[in-house]
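As structure tokens, the structure follows; a few thoughts come after it.
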Amino acid sequence: MARPPFRGSFTQQPPIPEEGVAAALAVLRSGRLHRYNAAHGETPEAAALERDYAAWQGARYCLAVASGGQAMQIALRAAGVGRGDRVLTNAFTLAPVPGAIAAVGAEAVLVEIDGNLVLDLDDLAEKAWISGAKTLLLSNMRGHLCDMDRLAAWAAAGGVALIEDCAHTMGATWNGRKSGSFGLAGCFSTQTYKHMNSGEGGLLTSDDAAFMARATMLSGSYMLYGRHGAGPDPETYADIRLDTPNMSARMDNLRAAILRPQLRALDAAIAAWNARHDRLAAALAAHPLVRTPERPAQERYVGSSLQFMVPGIGAGAAQALLDATLANGVELKWFGAAEPVAFTSAHRSWRYVTPQALPRTDRILAGLFDMRVPLTFSLEDCDLIAAHILDALDALGADAGLAGQGAA
């Protein structure tokens with residue numbers, strides 16, 4: 001008997017918690033949406049979010065900004081990166097990461113990934129030595145963490161400023177230490193498809209007072225830097241407040257109000273994501289065509305998306321797999337496409353980045369498929385989705401003669 005198609009949406013997120021709706025309505029009724037517009041004795045929602053997130057993250061300082069991309073741009077500027085500087089970053093990431101580097105006038109030096117979709121630390125060391133780059137904007141792409149202990153030790157020994165893009169690893173840990181706490185700064189996103197949803201938004205964390213003072217001024221605090229929930233002492237700003245330009249990238253109280261209840265529920269959400277991710281991954285990993293990334297014992301991930309590889313697949317067969325699954329309601333993305341599609345792109349399409357030879361990354365991306373795993377999916381939904389993907393892979397293997405290549 002034919003399977004029923006999947007009828008759910010890969011872009012539908014859970015509703016904002018009622019507590020967040022009530023808090024947002026209170027902000028709207030007050031009219032005080034701007035983060036610095038507060039009644040006497042009132043703690044604005046943006047400042048309260050900074051306080052709460054710093055405590056949850058275990059960071060000394062937190063700054064709420066307009067987007068994850070702005071968090072990265074501000075972090076680079078606050079770290080002293082400027083025009084013509086070179087910044088190391090993953091060859092496998094999404095466009096806002098090289099975009100942030102380009103936005104500050106710097107040049108991206110792309111580093112190969114390994115078969116588990118994480119930064120190749122040997123290639124990183126070589127590229128750093130050749131380029132002389134002293135900043136790494138690490139993308140924890142799609143929630144995969146490299147050996148963070150080894151990376152942090154390498155960065156400290158070499159004087160390389162480590163800035164983590166944690167858009168996909170909010171709440172993830174390596175050996176019990178939270179993603180975003182291994183270097184100078186952690187950058188987080190609260191865009192709709194991330195782990196907390198405010199439509200757009202970002203958070204920047206650090207333990208470095210001078211760095212965070214520069215970041216706060218860059219975000220557009222004017223001389224109101226004392227009104228932040230987790231900021232440096234006022235004396236830190238003595239010269240920084242006059243030397244640092246205003247880039248106007250503040251988060252507003254409305255978005256902060258929506259986010260605070262989600263933060264309180266985030267640990268439970270992570271457990272729910274991982275239950276769905278692991279159910280899908282286990283089913284797909286059993287197929288002979290498929291290879292799934294290995295997850296080290298040191299890593300506690302957040303499975304809000306799923307990746308699998310079909311080594312040796314050609315462009316025509318990859319498109320056939322996309323078409324077959326979509327016909328049954330399953331929306332996969334493929335990183336090997338010649339042209340960018342929606343949010344999915346590869347380094348070849350970033351024309352603002354100097355073209356670079358990345359043969360290992362290209363070989364991996366040619367067979368890499370990706371899928372969102374929203375919390376609106378039930379475990380039974382995951383079983384049906386996996387079954388449709390497996391059916392399409394079975395047909396692909398029969399038609400294309402690929403059987404047995406998954407372990408290649």
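Please note that chains go A, B, ... in the order of the structure tokens, that every chain numbers its residues from 1, and that ligands are numbered from 1 in the order shown.
Residues in contact with Ser349 of chain A at 8 Å, where only C-alpha atoms are counted and same-chain residues fewer than 3 positions away are skipped, are listed as Glu339, Pro340, Ser345 and Ala346 of chain A.
Non-sequential neighbours of Ala26 of chain A (distance at most 12 Å, separation of 5 or more positions within a chain, only C-alpha atoms) are Glu19, Gly20, Val21, Gly31, Arg32, Leu33, Pro44, Glu45, Asn253, Leu254, Ala257 and Ile258 of chain A.
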Contact check, segment 280-316 of chain A to segment 361-364 of chain A, at most 9 Å, counting only C-alpha atoms, closest pairs as a tab-separated table:
```
residue	atom	partner	partner_atom	distance
A:Met309	CA	A:Ile364	CA	7.7
A:Pro311	CA	A:Ile364	CA	7.6
A:Gly312	CA	A:Arg363	CA	8.8
```
Contacts of Ala275 of chain A within 12 Å, only C-alpha atoms, excl. fewer than 6 positions in-chain, as a ChimeraX atom specification: /A:268-269,281-282,301-306,373-375,377-380,382-383
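Ranking A:Val353, A:Leu259, A:Cys146, A:Leu280 by their shortest atom-to-atom distance to Gly115 of chain A, with only C-alpha atoms included, puts A:Cys146 first.
Distance check against Ile16 of chain A using only C-alpha atoms: of A:Ile163, A:Leu184, A:Ala265, A:Leu218, the minimum falls on A:Ala265.
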